file query16.cif (mmCIF, C-alpha atoms)
data_upload
loop_
_atom_site.group_PDB
_atom_site.id
_atom_site.type_symbol
_atom_site.label_atom_id
_atom_site.label_comp_id
_atom_site.auth_asym_id
_atom_site.auth_seq_id
_atom_site.Cartn_x
_atom_site.Cartn_y
_atom_site.Cartn_z
ATOM 1 C CA MET A 968 -42.436 155.265 272.267
ATOM 2 C CA GLU A 969 -44.366 157.000 275.060
ATOM 3 C CA ILE A 970 -44.470 155.579 278.569
ATOM 4 C CA LYS A 971 -48.207 154.837 278.306
ATOM 5 C CA GLU A 972 -47.603 152.761 275.168
ATOM 6 C CA ILE A 973 -44.694 150.898 276.745
ATOM 7 C CA PHE A 974 -46.828 149.989 279.755
ATOM 8 C CA ARG A 975 -49.727 148.923 277.545
ATOM 9 C CA ASP A 976 -47.415 146.736 275.416
ATOM 10 C CA LYS A 977 -46.068 145.050 278.555
ATOM 11 C CA GLY A 978 -49.556 144.568 280.032
ATOM 12 C CA LEU A 979 -48.912 146.885 282.998
ATOM 13 C CA ARG A 980 -51.027 149.612 284.565
ATOM 14 C CA LEU A 981 -49.444 153.056 284.789
ATOM 15 C CA THR A 982 -50.308 154.025 288.375
ATOM 16 C CA LEU A 983 -49.491 157.355 290.015
ATOM 17 C CA GLN A 984 -46.689 155.691 291.986
ATOM 18 C CA ARG A 985 -45.172 154.129 288.871
ATOM 19 C CA ARG A 986 -45.359 157.434 287.020
ATOM 20 C CA ALA A 987 -43.637 159.186 289.948
ATOM 21 C CA ILE A 988 -40.847 156.573 289.966
ATOM 22 C CA LEU A 989 -40.277 157.016 286.235
ATOM 23 C CA GLU A 990 -40.262 160.813 286.636
ATOM 24 C CA ALA A 991 -37.614 160.480 289.350
ATOM 25 C CA LEU A 992 -35.533 158.360 286.962
ATOM 26 C CA GLN A 993 -35.750 160.927 284.124
ATOM 27 C CA GLY A 994 -32.620 162.790 285.204
ATOM 28 C CA GLN A 995 -29.072 161.976 284.203
ATOM 29 C CA GLY A 996 -27.246 159.247 286.045
ATOM 30 C CA PHE A 997 -28.161 156.218 288.108
ATOM 31 C CA LYS A 998 -29.602 156.440 291.613
ATOM 32 C CA THR A 999 -29.851 154.211 294.653
ATOM 33 C CA ALA A 1000 -33.251 152.992 295.853
ATOM 34 C CA LEU A 1001 -32.975 155.376 298.823
ATOM 35 C CA GLU A 1002 -32.258 158.377 296.565
ATOM 36 C CA LEU A 1003 -35.230 157.422 294.393
ATOM 37 C CA PHE A 1004 -37.448 156.959 297.458
ATOM 38 C CA GLN A 1005 -36.618 160.475 298.672
ATOM 39 C CA GLU A 1006 -37.260 161.987 295.251
ATOM 40 C CA VAL A 1007 -40.478 160.021 294.649
ATOM 41 C CA ASN A 1008 -41.718 160.978 298.115
ATOM 42 C CA ARG A 1009 -41.386 164.636 297.115
ATOM 43 C CA LEU A 1010 -43.369 163.979 293.915
ATOM 44 C CA HIS A 1011 -45.890 161.594 295.478
ATOM 45 C CA PRO A 1012 -45.940 161.900 299.284
ATOM 46 C CA GLY A 1013 -46.985 158.786 301.127
ATOM 47 C CA ILE A 1014 -45.411 156.134 298.916
ATOM 48 C CA ASN A 1015 -43.728 153.473 301.026
ATOM 49 C CA PHE A 1016 -40.324 151.977 300.381
ATOM 50 C CA SER A 1017 -41.633 148.468 299.679
ATOM 51 C CA THR A 1018 -43.917 149.812 296.923
ATOM 52 C CA LEU A 1019 -40.994 151.633 295.357
ATOM 53 C CA TYR A 1020 -38.751 148.579 295.578
ATOM 54 C CA ARG A 1021 -41.387 146.190 294.154
ATOM 55 C CA ASN A 1022 -41.889 148.527 291.199
ATOM 56 C CA LEU A 1023 -38.145 148.895 290.623
ATOM 57 C CA GLU A 1024 -37.854 145.100 290.449
ATOM 58 C CA LEU A 1025 -40.835 144.953 288.050
ATOM 59 C CA PHE A 1026 -39.254 147.643 285.845
ATOM 60 C CA VAL A 1027 -35.946 145.727 285.769
ATOM 61 C CA GLN A 1028 -37.709 142.455 284.861
ATOM 62 C CA THR A 1029 -39.681 144.107 282.057
ATOM 63 C CA GLY A 1030 -36.614 145.929 280.710
ATOM 64 C CA LEU A 1031 -37.804 149.481 281.409
ATOM 65 C CA ILE A 1032 -34.825 150.255 283.638
ATOM 66 C CA CYS A 1033 -31.286 148.995 284.202
ATOM 67 C CA ARG A 1034 -29.932 147.860 287.556
ATOM 68 C CA LEU A 1035 -26.194 148.158 288.058
ATOM 69 C CA LYS A 1036 -24.168 146.716 290.894
ATOM 70 C CA GLY A 1037 -22.639 149.800 292.400
ATOM 71 C CA PRO A 1038 -19.854 149.980 294.973
ATOM 72 C CA GLU A 1039 -22.416 150.676 297.720
ATOM 73 C CA GLY A 1040 -25.379 148.642 296.418
ATOM 74 C CA ALA A 1041 -27.769 148.592 293.489
ATOM 75 C CA LEU A 1042 -28.120 151.597 291.185
ATOM 76 C CA TYR A 1043 -31.162 152.173 288.949
ATOM 77 C CA GLY A 1044 -31.562 154.184 285.743
ATOM 78 C CA LEU A 1045 -33.781 154.347 282.692
ATOM 79 C CA ARG A 1046 -32.837 151.931 279.925
ATOM 80 C CA ARG A 1047 -31.821 154.158 277.037
ATOM 81 C CA ILE A 1048 -30.330 151.400 274.854
ATOM 82 C CA SER A 1049 -32.425 148.332 274.124
ATOM 83 C CA LYS A 1050 -29.608 145.916 273.237
ATOM 84 C CA HIS A 1051 -27.309 144.165 275.712
ATOM 85 C CA HIS A 1052 -24.637 146.515 277.056
ATOM 86 C CA HIS A 1053 -22.498 147.415 280.077
ATOM 87 C CA HIS A 1054 -21.573 150.753 281.669
ATOM 88 C CA ALA A 1055 -18.766 152.943 282.912
ATOM 89 C CA VAL A 1056 -20.176 154.633 286.036
ATOM 90 C CA CYS A 1057 -18.944 157.836 287.674
ATOM 91 C CA LYS A 1058 -18.583 157.340 291.432
ATOM 92 C CA MET A 1059 -19.136 161.051 292.071
ATOM 93 C CA CYS A 1060 -22.190 162.066 290.028
ATOM 94 C CA GLY A 1061 -23.651 158.653 289.120
ATOM 95 C CA ALA A 1062 -23.562 159.270 285.358
ATOM 96 C CA ALA A 1063 -23.452 155.983 283.451
ATOM 97 C CA TYR A 1064 -21.891 155.747 280.022
ATOM 98 C CA PRO A 1065 -22.817 152.748 277.841
ATOM 99 C CA LEU A 1066 -19.914 150.647 276.624
ATOM 100 C CA SER A 1067 -19.927 149.413 273.033
ATOM 101 C CA ARG A 1068 -18.498 145.941 273.741
ATOM 102 C CA CYS A 1069 -19.211 143.120 276.133
ATOM 103 C CA PRO A 1070 -16.087 141.480 277.594
ATOM 104 C CA LEU A 1071 -17.880 138.127 277.598
ATOM 105 C CA GLU A 1072 -17.508 138.062 273.803
ATOM 106 C CA ASP A 1073 -13.750 137.575 274.272
ATOM 107 C CA MET A 1074 -14.309 134.570 276.532
ATOM 108 C CA GLY A 1075 -16.589 132.589 274.206
ATOM 109 C CA GLU A 1076 -14.063 130.004 273.031
ATOM 110 C CA GLU A 1077 -12.646 129.423 276.515
ATOM 111 C CA LEU A 1078 -16.099 128.999 278.053
ATOM 112 C CA GLN A 1079 -17.104 126.637 275.265
ATOM 113 C CA ARG A 1080 -13.959 124.571 275.788
ATOM 114 C CA LEU A 1081 -14.822 124.323 279.504
ATOM 115 C CA GLY A 1082 -18.369 123.262 278.613
ATOM 116 C CA PHE A 1083 -19.649 126.186 280.669
ATOM 117 C CA THR A 1084 -23.096 127.659 279.981
ATOM 118 C CA VAL A 1085 -23.382 131.294 281.038
ATOM 119 C CA THR A 1086 -26.779 132.115 282.539
ATOM 120 C CA GLU A 1087 -26.006 135.733 283.414
ATOM 121 C CA HIS A 1088 -23.112 138.104 283.878
ATOM 122 C CA CYS A 1089 -22.355 141.592 285.163
ATOM 123 C CA PHE A 1090 -19.617 143.997 284.144
ATOM 124 C CA GLU A 1091 -19.384 147.653 285.138
ATOM 125 C CA VAL A 1092 -16.373 149.935 285.266
ATOM 126 C CA TYR A 1093 -16.218 152.547 288.052
ATOM 127 C CA GLY A 1094 -14.243 155.743 288.103
ATOM 128 C CA ILE A 1095 -14.638 159.494 287.770
ATOM 129 C CA CYS A 1096 -16.125 161.085 284.659
ATOM 130 C CA GLU A 1097 -14.456 163.926 282.797
ATOM 131 C CA ASN A 1098 -16.890 166.562 284.152
ATOM 132 C CA CYS A 1099 -16.303 165.582 287.788
ATOM 133 C CA ARG A 1100 -12.542 165.312 287.259
ATOM 134 C CA ASP A 1101 -12.485 168.812 285.720
ATOM 135 C CA HIS A 1102 -14.561 170.141 288.625
ATOM 136 C CA MET A 1103 -12.158 168.551 291.143
ATOM 137 C CA GLU A 1104 -9.226 170.201 289.361
ATOM 138 C CA GLU A 1105 -10.979 173.606 289.480
ATOM 139 C CA VAL A 1106 -11.635 173.246 293.213
ATOM 140 C CA SER A 1107 -8.049 172.211 293.933
ATOM 141 C CA ARG A 1108 -6.755 175.344 292.111
ATOM 142 C CA CYS A 1109 -8.745 177.663 294.432
#
call {"tool": "encode", "arguments": {"input": "query16.cif", "output": "structure tokens"}}
result
Amino acid sequence: MEIKEIFRDKGLRLTLQRRAILEALQGQGFKTALELFQEVNRLHPGINFSTLYRNLELFVQTGLICRLKGPEGALYGLRRISKHHHHAVCKMCGAAYPLSRCPLEDMGEELQRLGFTVTEHCFEVYGICENCRDHMEEVSRC
């Protein structure tokens, strides 16, 4: 589905700022709000940080993008999988790899026994992806 159609379906206007934010998110990996602000400012000079942040929150709420809790703050990336999922995130390049299982599935019986109702959860795994690890090994051989 094209971006214009997605916005229309969600009842949102596709402004120049919103288009610039989505263009900045097109690349591989997840980015911080500051990284996105710098990139969007190159594409659309004059955007302010609060506009960017408000739109990021809107995109998260409408399901257009994912927000991960990174080691140094929130990370944002385009939602490429529509169903519930978690990620393994490279701490060097920001690439995020979707995981096929949710660890909460394994806790269902225990949570039920406790009478606990889960309202939300977060699970990300951080490390170094194969490409970055290979690059580090090449540099160390020099």
call {"tool": "resolve_selection", "arguments": {"input": "query16.cif", "expression": "the PyMOL selection byres ((chain A and resi 970) around 10)", "output": "list in words"}}
result
Met968, Glu969, Lys971, Glu972, Ile973, Phe974, Arg975, Asp976, Leu981, Arg986, Leu989 and Leu1031 of chain A
call {"tool": "resolve_selection", "arguments": {"input": "query16.cif", "expression": "the PyMOL selection byres ((chain A and resi 1040-1057) around 6)", "output": "list in words"}}
result
Leu992, Phe997, Lys998, Thr999, Leu1031, Ile1032, Cys1033, Arg1034, Leu1035, Lys1036, Gly1037, Pro1038, Glu1039, Lys1058, Met1059, Cys1060, Gly1061, Ala1062, Ala1063, Tyr1064, Pro1065, Leu1066, Glu1091, Val1092, Tyr1093, Gly1094, Ile1095 and Cys1096 of chain A
call {"tool": "atom_distance", "arguments": {"input": "query16.cif", "atom1": "CA of Thr1018 (chain A)", "atom2": "CA of Arg985 (chain A)"}}
result
9.2 Å
call {"tool": "closest_residue", "arguments": {"input": "query16.cif", "among": "A:Ile988, A:Phe1016, A:Leu1025, A:Thr1084", "to": "Leu1001 (chain A)", "atoms": "only C-alpha atoms"}}
result
A:Phe1016
call {"tool": "atom_distance", "arguments": {"input": "query16.cif", "atom1": "CA of Asn1015 (chain A)", "atom2": "CA of Thr982 (chain A)"}}
result
14.3 Å
call {"tool": "atom_distance", "arguments": {"input": "query16.cif", "atom1": "CA of Asp1101 (chain A)", "atom2": "CA of Cys1089 (chain A)"}}
result
29.0 Å
call {"tool": "axis_aligned_box", "arguments": {"input": "query16.cif", "around": "region 1046-1063 of chain A", "padding_each_side": "8 Å", "output": "JSON"}}
result
{"center_x": -25.7, "center_y": 153.1, "center_z": 282.7, "size_x": 30.3, "size_y": 33.9, "size_z": 34.8}
